[in-house]
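Source file: start-v7.pdb. Holds: PDB, C-alpha atoms and all ligand atoms.
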```pdb
ATOM      1  CA  MET G   1      66.284 -89.303  18.854
ATOM      2  CA  THR G   2      63.996 -86.621  20.324
ATOM      3  CA  GLY G   3      60.576 -87.351  21.765
ATOM      4  CA  ALA G   4      58.982 -85.512  18.859
ATOM      5  CA  ALA G   5      60.863 -87.642  16.332
ATOM      6  CA  ARG G   6      59.821 -90.832  18.126
ATOM      7  CA  ARG G   7      56.192 -89.788  17.920
ATOM      8  CA  ARG G   8      56.223 -89.226  14.155
ATOM      9  CA  PRO G   9      53.678 -91.598  12.615
ATOM     10  CA  LEU G  10      55.276 -94.369  10.574
ATOM     11  CA  GLY G  11      54.300 -94.488   6.918
ATOM     12  CA  VAL G  12      53.419 -92.084   4.125
ATOM     13  CA  VAL G  13      50.267 -90.243   3.081
ATOM     14  CA  THR G  14      48.599 -91.968   0.122
ATOM     15  CA  ARG G  15      45.396 -91.504  -1.889
ATOM     16  CA  GLY G  16      42.357 -91.321   0.373
ATOM     17  CA  THR G  17      39.821 -93.082  -1.863
ATOM     18  CA  THR G  18      36.999 -94.691   0.074
ATOM     19  CA  ASN G  19      33.269 -95.353  -0.258
ATOM     20  CA  PRO G  20      30.304 -96.116   1.973
ATOM     21  CA  ASN G  21      29.873 -99.861   2.456
ATOM     22  CA  ARG G  22      33.087-100.594   0.602
ATOM     23  CA  LEU G  23      34.362-102.731   3.479
ATOM     24  CA  ARG G  24      31.153-104.541   4.440
ATOM     25  CA  ARG G  25      32.489-107.951   3.347
ATOM     26  CA  VAL G  26      35.573-107.810   5.527
ATOM     27  CA  ASP G  27      33.574-106.214   8.362
ATOM     28  CA  ASN G  28      31.061-109.053   8.334
ATOM     29  CA  TRP G  29      33.912-111.551   8.316
ATOM     30  CA  ILE G  30      35.525-109.763  11.277
ATOM     31  CA  VAL G  31      32.247-109.856  13.204
ATOM     32  CA  ALA G  32      31.957-113.597  12.547
ATOM     33  CA  THR G  33      35.608-114.537  13.007
ATOM     34  CA  CYS G  34      36.996-112.182  15.648
ATOM     35  CA  ALA G  35      33.966-111.902  17.949
ATOM     36  CA  ASP G  36      35.305-114.268  20.634
ATOM     37  CA  ARG G  37      38.577-112.399  20.818
ATOM     38  CA  LEU G  38      36.783-109.082  21.242
ATOM     39  CA  ARG G  39      34.271-110.411  23.758
ATOM     40  CA  ALA G  40      37.075-111.829  25.900
ATOM     41  CA  ALA G  41      39.023-108.555  25.944
ATOM     42  CA  THR G  42      39.058-106.386  29.063
ATOM     43  CA  ASP G  43      39.438-103.371  26.804
ATOM     44  CA  PRO G  44      37.698-104.036  23.458
ATOM     45  CA  LEU G  45      39.838-101.563  21.535
ATOM     46  CA  VAL G  46      39.876-101.708  17.724
ATOM     47  CA  VAL G  47      41.942 -99.558  15.358
ATOM     48  CA  ASP G  48      40.932 -98.739  11.798
ATOM     49  CA  LEU G  49      44.247 -97.733  10.275
ATOM     50  CA  GLY G  50      44.159 -95.492   7.201
ATOM     51  CA  TYR G  51      40.422 -94.719   6.988
ATOM     52  CA  GLY G  52      40.925 -92.308   4.102
ATOM     53  CA  ALA G  53      39.426 -89.023   2.907
ATOM     54  CA  THR G  54      36.219 -89.529   4.900
ATOM     55  CA  PRO G  55      35.741 -91.675   8.020
ATOM     56  CA  VAL G  56      32.680 -93.489   6.663
ATOM     57  CA  THR G  57      34.138 -97.011   6.791
ATOM     58  CA  ALA G  58      35.402 -96.453  10.345
ATOM     59  CA  VAL G  59      31.917 -95.328  11.396
ATOM     60  CA  GLU G  60      30.477 -98.454   9.756
ATOM     61  CA  LEU G  61      32.975-100.833  11.393
ATOM     62  CA  ARG G  62      32.217 -99.427  14.813
ATOM     63  CA  ALA G  63      28.462 -99.780  14.183
ATOM     64  CA  ARG G  64      28.834-103.376  12.961
ATOM     65  CA  LEU G  65      30.982-104.382  15.920
ATOM     66  CA  ALA G  66      28.708-102.611  18.411
ATOM     67  CA  ALA G  67      25.629-104.353  16.980
ATOM     68  CA  GLY G  68      27.173-107.754  16.312
ATOM     69  CA  VAL G  69      29.828-108.250  18.986
ATOM     70  CA  ARG G  70      29.632-105.887  21.967
ATOM     71  CA  PRO G  71      28.088-102.447  22.400
ATOM     72  CA  ASP G  72      31.037-101.107  24.394
ATOM     73  CA  VAL G  73      33.548-101.659  21.589
ATOM     74  CA  ARG G  74      35.933 -98.708  21.277
ATOM     75  CA  LEU G  75      37.091 -97.865  17.764
ATOM     76  CA  VAL G  76      39.907 -95.425  17.057
ATOM     77  CA  GLY G  77      40.368 -94.368  13.446
ATOM     78  CA  LEU G  78      44.028 -93.573  12.806
ATOM     79  CA  GLU G  79      45.190 -91.605   9.787
ATOM     80  CA  ILE G  80      48.655 -90.467   8.879
ATOM     81  CA  ASP G  81      47.234 -87.394   7.117
ATOM     82  CA  ALA G  82      46.494 -84.692   9.720
ATOM     83  CA  ALA G  83      43.958 -82.985   7.430
ATOM     84  CA  ARG G  84      41.945 -86.227   7.259
ATOM     85  CA  VAL G  85      41.999 -86.489  11.058
ATOM     86  CA  ALA G  86      40.607 -82.945  11.324
ATOM     87  CA  ALA G  87      37.982 -83.680   8.652
ATOM     88  CA  ALA G  88      36.800 -86.761  10.572
ATOM     89  CA  ALA G  89      36.289 -84.942  13.882
ATOM     90  CA  PRO G  90      32.557 -84.177  13.347
ATOM     91  CA  ALA G  91      31.892 -87.921  12.990
ATOM     92  CA  ALA G  92      33.447 -88.753  16.376
ATOM     93  CA  ASP G  93      31.164 -90.240  19.028
ATOM     94  CA  PRO G  94      33.338 -90.639  22.114
ATOM     95  CA  PRO G  95      34.126 -92.856  23.894
ATOM     96  CA  GLY G  96      33.071 -95.453  21.294
ATOM     97  CA  LEU G  97      34.446 -93.717  18.212
ATOM     98  CA  THR G  98      37.366 -91.297  18.036
ATOM     99  CA  PHE G  99      39.938 -90.230  15.454
ATOM    100  CA  ALA G 100      43.634 -89.496  15.849
ATOM    101  CA  ARG G 101      46.817 -89.118  13.895
ATOM    102  CA  GLY G 102      48.920 -92.256  13.709
ATOM    103  CA  GLY G 103      50.757 -94.700  11.472
ATOM    104  CA  PHE G 104      51.947 -98.303  11.555
ATOM    105  CA  GLU G 105      53.182 -97.804  15.136
ATOM    106  CA  LEU G 106      49.460 -97.370  16.096
ATOM    107  CA  ALA G 107      50.060 -94.137  18.024
ATOM    108  CA  GLY G 108      50.838 -95.905  21.293
ATOM    109  CA  LEU G 109      47.515 -97.800  21.349
ATOM    110  CA  ARG G 110      47.326-101.539  22.221
ATOM    111  CA  PRO G 111      44.291-102.741  20.246
ATOM    112  CA  VAL G 112      42.868-106.258  20.160
ATOM    113  CA  LEU G 113      42.153-105.849  16.460
ATOM    114  CA  VAL G 114      43.465-103.664  13.652
ATOM    115  CA  ARG G 115      41.803-103.377  10.272
ATOM    116  CA  ALA G 116      44.156-101.873   7.653
ATOM    117  CA  PHE G 117      42.354-101.892   4.326
ATOM    118  CA  ASN G 118      43.583-100.500   1.032
ATOM    119  CA  VAL G 119      46.559 -99.014   2.862
ATOM    120  CA  LEU G 120      49.523-101.214   1.913
ATOM    121  CA  ARG G 121      48.299-101.447  -1.653
ATOM    122  CA  GLN G 122      49.979 -98.113  -2.353
ATOM    123  CA  TYR G 123      53.312 -99.146  -0.809
ATOM    124  CA  ASP G 124      56.069-101.281  -2.314
ATOM    125  CA  GLU G 125      55.848-105.030  -1.786
ATOM    126  CA  ALA G 126      59.204-104.832   0.000
ATOM    127  CA  ASP G 127      57.691-102.523   2.650
ATOM    128  CA  VAL G 128      55.034-105.031   3.665
ATOM    129  CA  PRO G 129      56.896-107.292   6.158
ATOM    130  CA  ALA G 130      58.160-104.338   8.210
ATOM    131  CA  ALA G 131      54.710-102.731   8.240
ATOM    132  CA  TRP G 132      53.166-106.005   9.461
ATOM    133  CA  ARG G 133      55.844-106.393  12.137
ATOM    134  CA  THR G 134      55.378-102.828  13.375
ATOM    135  CA  MET G 135      51.604-103.193  13.591
ATOM    136  CA  THR G 136      51.572-106.648  15.190
ATOM    137  CA  ALA G 137      54.209-105.582  17.746
ATOM    138  CA  ALA G 138      51.772-102.911  18.952
ATOM    139  CA  LEU G 139      48.800-105.288  19.389
ATOM    140  CA  ALA G 140      47.450-106.340  22.768
ATOM    141  CA  PRO G 141      48.460-109.917  23.666
ATOM    142  CA  GLY G 142      46.560-112.284  21.382
ATOM    143  CA  GLY G 143      45.558-109.419  19.076
ATOM    144  CA  VAL G 144      45.233-109.657  15.309
ATOM    145  CA  LEU G 145      45.661-107.538  12.207
ATOM    146  CA  VAL G 146      43.304-107.850   9.234
ATOM    147  CA  GLU G 147      45.125-106.433   6.209
ATOM    148  CA  GLY G 148      43.821-106.451   2.673
ATOM    149  CA  THR G 149      42.516-104.833  -0.447
ATOM    150  CA  CYS G 150      39.247-104.474  -2.321
ATOM    151  CA  ASP G 151      37.825-102.705  -5.338
ATOM    152  CA  GLU G 152      36.166 -99.313  -5.043
ATOM    153  CA  LEU G 153      32.678-100.708  -4.415
ATOM    154  CA  GLY G 154      33.766-103.656  -2.293
ATOM    155  CA  ARG G 155      32.651-106.322  -4.731
ATOM    156  CA  LEU G 156      36.014-108.089  -4.899
ATOM    157  CA  GLY G 157      38.446-108.358  -2.030
ATOM    158  CA  GLY G 158      41.222-110.311  -0.384
ATOM    159  CA  TRP G 159      42.589-110.106   3.138
ATOM    160  CA  LEU G 160      45.024-111.711   5.523
ATOM    161  CA  LEU G 161      44.624-112.486   9.208
ATOM    162  CA  ILE G 162      47.994-111.766  10.812
ATOM    163  CA  ASP G 163      49.119-112.249  14.385
ATOM    164  CA  ALA G 164      52.412-111.864  16.238
ATOM    165  CA  ASP G 165      53.752-114.970  14.455
ATOM    166  CA  GLY G 166      52.912-113.654  10.970
ATOM    167  CA  PRO G 167      50.110-114.289   8.474
ATOM    168  CA  ARG G 168      47.716-117.147   9.309
ATOM    169  CA  THR G 169      45.021-117.136   6.623
ATOM    170  CA  LEU G 170      44.012-115.659   3.267
ATOM    171  CA  THR G 171      40.343-114.945   2.565
ATOM    172  CA  LEU G 172      39.027-114.175  -0.910
ATOM    173  CA  ALA G 173      35.556-112.645  -1.194
ATOM    174  CA  ALA G 174      33.315-111.611  -4.063
ATOM    175  CA  LYS G 175      29.846-110.298  -4.698
ATOM    176  CA  LEU G 176      28.627-113.332  -6.556
ATOM    177  CA  GLY G 177      25.898-111.546  -8.503
ATOM    178  CA  THR G 178      28.490-109.499 -10.378
ATOM    179  CA  LEU G 179      31.375-111.974 -10.492
ATOM    180  CA  GLY G 180      32.426-112.876 -14.023
ATOM    181  CA  SER G 181      34.974-115.433 -12.884
ATOM    182  CA  PRO G 182      37.259-115.952  -9.860
ATOM    183  CA  ALA G 183      40.262-114.827 -11.930
ATOM    184  CA  GLU G 184      38.996-111.273 -11.266
ATOM    185  CA  LEU G 185      40.054-111.704  -7.642
ATOM    186  CA  ALA G 186      43.712-111.649  -8.687
ATOM    187  CA  GLU G 187      43.567-107.863  -9.060
ATOM    188  CA  ARG G 188      42.460-107.441  -5.447
ATOM    189  CA  LEU G 189      44.913-109.675  -3.652
ATOM    190  CA  PRO G 190      46.684-108.207  -0.601
ATOM    191  CA  LYS G 191      49.913-106.432  -1.451
ATOM    192  CA  ALA G 192      52.049-109.352  -0.261
ATOM    193  CA  LEU G 193      50.466-111.572  -2.942
ATOM    194  CA  ILE G 194      49.342-109.352  -5.787
ATOM    195  CA  HIS G 195      52.661-109.538  -7.600
ATOM    196  CA  ARG G 196      52.820-113.306  -6.987
ATOM    197  CA  ASN G 197      50.073-114.282  -9.380
ATOM    198  CA  VAL G 198      52.684-115.832 -11.669
ATOM    199  CA  PRO G 199      53.514-119.454 -12.512
ATOM    200  CA  GLY G 200      55.391-121.213  -9.729
ATOM    201  CA  GLU G 201      53.607-119.351  -6.924
ATOM    202  CA  GLY G 202      50.945-120.868  -4.673
ATOM    203  CA  VAL G 203      48.496-118.010  -5.086
ATOM    204  CA  HIS G 204      48.682-118.398  -8.867
ATOM    205  CA  ASP G 205      47.882-122.094  -8.512
ATOM    206  CA  LEU G 206      44.996-121.209  -6.206
ATOM    207  CA  ILE G 207      43.412-118.646  -8.521
ATOM    208  CA  ARG G 208      43.797-121.030 -11.463
ATOM    209  CA  ALA G 209      42.265-123.919  -9.520
ATOM    210  CA  LEU G 210      39.327-121.789  -8.349
ATOM    211  CA  ASP G 211      38.796-120.423 -11.824
ATOM    212  CA  GLY G 212      38.935-123.933 -13.301
ATOM    213  CA  ALA G 213      36.422-125.187 -10.728
ATOM    214  CA  TRP G 214      34.129-122.239 -11.564
ATOM    215  CA  HIS G 215      34.214-123.091 -15.255
ATOM    216  CA  ALA G 216      33.634-126.777 -14.520
ATOM    217  CA  ALA G 217      30.646-125.728 -12.388
ATOM    218  CA  ALA G 218      29.044-123.817 -15.274
ATOM    219  CA  PRO G 219      25.968-126.095 -15.282
ATOM    220  CA  TYR G 220      25.212-124.874 -11.734
ATOM    221  CA  ALA G 221      24.821-121.325 -13.055
ATOM    222  CA  ALA G 222      21.251-122.269 -13.862
ATOM    223  CA  PHE G 223      20.631-122.343 -10.075
ATOM    224  CA  GLY G 224      22.317-118.979  -9.526
ATOM    225  CA  PRO G 225      25.881-117.778  -8.844
ATOM    226  CA  ARG G 226      25.748-118.837  -5.193
ATOM    227  CA  GLN G 227      25.211-122.498  -6.108
ATOM    228  CA  ARG G 228      27.975-122.226  -8.665
ATOM    229  CA  TRP G 229      30.405-120.755  -6.083
ATOM    230  CA  LEU G 230      29.437-123.399  -3.500
ATOM    231  CA  ARG G 231      30.139-126.096  -6.034
ATOM    232  CA  SER G 232      33.430-124.451  -7.047
ATOM    233  CA  VAL G 233      34.777-124.204  -3.494
ATOM    234  CA  ALA G 234      33.670-127.769  -2.728
ATOM    235  CA  GLN G 235      35.577-128.864  -5.814
ATOM    236  CA  LEU G 236      38.623-126.887  -4.712
ATOM    237  CA  ARG G 237      38.585-128.754  -1.413
ATOM    238  CA  GLN G 238      38.032-132.118  -3.070
ATOM    239  CA  THR G 239      41.112-131.580  -5.189
ATOM    240  CA  GLY G 240      43.267-131.168  -2.086
ATOM    241  CA  TRP G 241      43.254-127.455  -1.335
ATOM    242  CA  PRO G 242      43.137-126.998   2.468
ATOM    243  CA  VAL G 243      39.984-124.881   2.550
ATOM    244  CA  LEU G 244      39.463-123.783   6.166
ATOM    245  CA  ASP G 245      35.953-122.395   6.210
ATOM    246  CA  ARG G 246      32.611-124.100   5.787
ATOM    247  CA  PRO G 247      29.657-123.729   3.400
ATOM    248  CA  HIS G 248      27.936-121.109   5.555
ATOM    249  CA  ARG G 249      30.838-118.766   4.672
ATOM    250  CA  TRP G 250      31.108-119.981   1.074
ATOM    251  CA  ARG G 251      27.473-118.965   0.623
ATOM    252  CA  LEU G 252      28.574-115.374   1.169
ATOM    253  CA  GLY G 253      31.079-115.612  -1.676
ATOM    254  CA  GLU G 254      34.075-116.295   0.574
ATOM    255  CA  VAL G 255      36.797-118.870   0.792
ATOM    256  CA  THR G 256      39.565-119.005   3.408
ATOM    257  CA  LEU G 257      42.822-120.945   3.188
ATOM    258  CA  PRO G 258      45.939-121.163   5.340
ATOM    259  CA  TRP G 259      48.723-118.731   4.520
ATOM    260  CA  THR G 260      51.073-121.680   4.052
ATOM    261  CA  ALA G 261      49.095-122.649   0.927
ATOM    262  CA  VAL G 262      49.786-119.328  -0.781
ATOM    263  CA  ALA G 263      52.914-117.876   0.863
ATOM    264  CA  PRO G 264      55.433-116.589  -1.704
ATOM    265  CA  ARG G 265      57.886-119.334  -2.660
ATOM    266  CA  THR G 266      60.699-117.155  -3.944
TER     267      THR G 266
HETATM  268  C1  LIG Q 301      42.884 -95.718  -0.103
HETATM  269  S1  LIG Q 301      42.656 -95.034   1.490
HETATM  270  C2  LIG Q 301      41.770 -96.358   2.255
HETATM  271  C3  LIG Q 301      40.547 -95.887   2.978
HETATM  272  C4  LIG Q 301      39.738 -96.993   3.637
HETATM  273  N1  LIG Q 301      40.509 -97.785   4.545
HETATM  274  C5  LIG Q 301      39.117 -97.878   2.576
HETATM  275  O1  LIG Q 301      39.553 -99.029   2.404
HETATM  276  O2  LIG Q 301      38.184 -97.443   1.891
HETATM  277  C6  LIG Q 301      44.286 -95.213   2.230
HETATM  278  C7  LIG Q 301      44.504 -94.280   3.411
HETATM  279  O3  LIG Q 301      45.564 -94.813   4.216
HETATM  280  C8  LIG Q 301      46.308 -93.748   4.729
HETATM  281  N2  LIG Q 301      47.623 -94.269   5.127
HETATM  282  C9  LIG Q 301      48.627 -94.682   4.325
HETATM  283  N3  LIG Q 301      49.646 -95.143   5.062
HETATM  284  C10 LIG Q 301      49.276 -95.015   6.355
HETATM  285  C11 LIG Q 301      49.911 -95.337   7.576
HETATM  286  N4  LIG Q 301      51.117 -95.871   7.613
HETATM  287  N5  LIG Q 301      49.234 -95.089   8.713
HETATM  288  C12 LIG Q 301      47.997 -94.519   8.695
HETATM  289  N6  LIG Q 301      47.354 -94.200   7.575
HETATM  290  C13 LIG Q 301      47.986 -94.455   6.407
HETATM  291  C14 LIG Q 301      46.351 -92.749   3.604
HETATM  292  O4  LIG Q 301      46.660 -91.444   4.067
HETATM  293  C15 LIG Q 301      44.943 -92.884   3.004
HETATM  294  O5  LIG Q 301      44.078 -91.930   3.574
END
```

In structure tokens, write the structure found in this file.
Amino acid sequence: MTGAARRRPLGVVTRGTTNPNRLRRVDNWIVATCADRLRAATDPLVVDLGYGATPVTAVELRARLAAGVRPDVRLVGLEIDAARVAAAAPAADPPGLTFARGGFELAGLRPVLVRAFNVLRQYDEADVPAAWRTMTAALAPGGVLVEGTCDELGRLGGWLLIDADGPRTLTLAAKLGTLGSPAELAERLPKALIHRNVPGEGVHDLIRALDGAWHAAAPYAAFGPRQRWLRSVAQLRQTGWPVLDRPHRWRLGEVTLPWTAVAPRT
């Protein structure tokens, strides 16, 4: 293999759809959940993989991490589409924010954190494990990958925290003011789970249980959707689901569970 062939970014160009503030839910979760890891790093390098047609969500992630975690965070937006790298150049603010061409191999970088959002959604489910392995192999020691999906406005989303040993947690998140019912989250599961919302699978049981708890909590709607969600997640936990996070995260419309509770069974 030639040097040029080795440097070819791994992956394929897909639709570049993005929107300002689309990823605020996962960004806020990253700030809350990954701050210690980033603060402890000698080189606080973060990669936003697949930022899309405009770099707006990469710019936002850098700003959120700089304000909420450490001002010297260094974010590199990687895109497999060279035209999107060129289009992002005016938004660069080196050394804190730069853009480059790269794929799942992460262009030779060794980041502490990778956010890859709405990237694997356009791949086949069968491609997911290799993509995870390639990305996690490139992380700095102790680094993590946050991989997931959301709707166009960021009102519904689901993401996985993945480290060198594989997926650790699933987080579901919704804008509660516009949530009809938790069943809507099924459409925005990460690629590894979206086709598993069928009887016999853990994620199907989870969505059904959360939806059932939401309907049982209907009387709490009088106090607003936040109270109803809080009640629903509490009920989920009471019925034996190993909910990992606490009410201060539930209040934001989130719930986090271990991967083992939802991992595909077949
Ligand atoms: C739908 S956009 C997502 C934009 C942004 N992350 C968001 O969530 O709004 C997906 C982007 O990922 C890029 N992409 C797909 N596979 C990739 C890969 N292996 N490495 C880097 N970028 C990739 C595509 O070119 C596309 O621009």

At most 6 Å from ligand LIG 301 (chain Q) (only C-alpha atoms and all ligand atoms): residue list as JSON, numbers by chain:
{"G": [10, 11, 12, 13, 14, 15, 16, 17, 18, 19, 49, 50, 51, 52, 53, 78, 79, 80, 81, 102, 103, 104, 117, 118, 119]}

Among the residues G:Arg101, G:Ala63, G:Gly68, G:Pro129, the one that comes closest to Thr33 of chain G [using all atoms listed in the file]
G:Gly68

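Here atom CA of Ala192 of chain G stands at a distance of 15.2 Å from atom CA of Leu257 of chain G.
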
The PyMOL selection byres (((chain G and resi 91) around 10) and not hetatm) - which residues does that actually catch in the file I just gave you? List them as a ChimeraX atom specification.
/G:54-56,58-59,87-90,92-94,97-99

Residues returned when the PyMOL selection byres (((chain G and resi 261-264) around 8) and not hetatm) runs on this file, as a count of residues only:
15

What lies within 7 Å of segment 247-251 of chain G using all atoms listed in the file, ignoring chain neighbours under 2 positions off, as a list of chain:residue names?
G:Arg226, G:Leu230, G:Asp245, G:Gly253, G:Glu254, G:Val255

Atom CA of Cys34 of chain G and atom CA of Leu113 of chain G are how many Å apart?
8.2 Å

Determine the residue set returned by the PyMOL selection byres (((chain G and resi 31) around 8) and not hetatm) for the present structure, and present it as a PyMOL selection string.
chain G and resi 27-30+32-35+64-65+68-69

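In this structure, atom CA of Pro190 of chain G sits 27.7 Å away from atom CA of Ala67 of chain G.
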
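Nearest residue to Pro167 of chain G, choosing from G:Leu153, G:Trp132, G:Arg208, G:Leu139 and counting all atoms listed in the file: G:Trp132.
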
Which one of G:Ala126, G:Ala40, G:Val243, G:Val47 sits closest to Thr171 of chain G if you count only C-alpha atoms?
G:Val243

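Nearest residue to Gly157 of chain G, choosing from G:His204, G:Thr178, G:Leu189, G:Thr169 and counting only C-alpha atoms: G:Leu189.
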
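Nearest residue to Leu172 of chain G among G:Arg8, G:Ala221, G:Leu244, G:Val85 is G:Leu244, counting only C-alpha atoms.
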
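With all atoms listed in the file as the atoms that count, the residue of G:Leu45, G:Val146, G:Ala138, G:Ala83 with the shortest distance to Leu23 of chain G is G:Val146.
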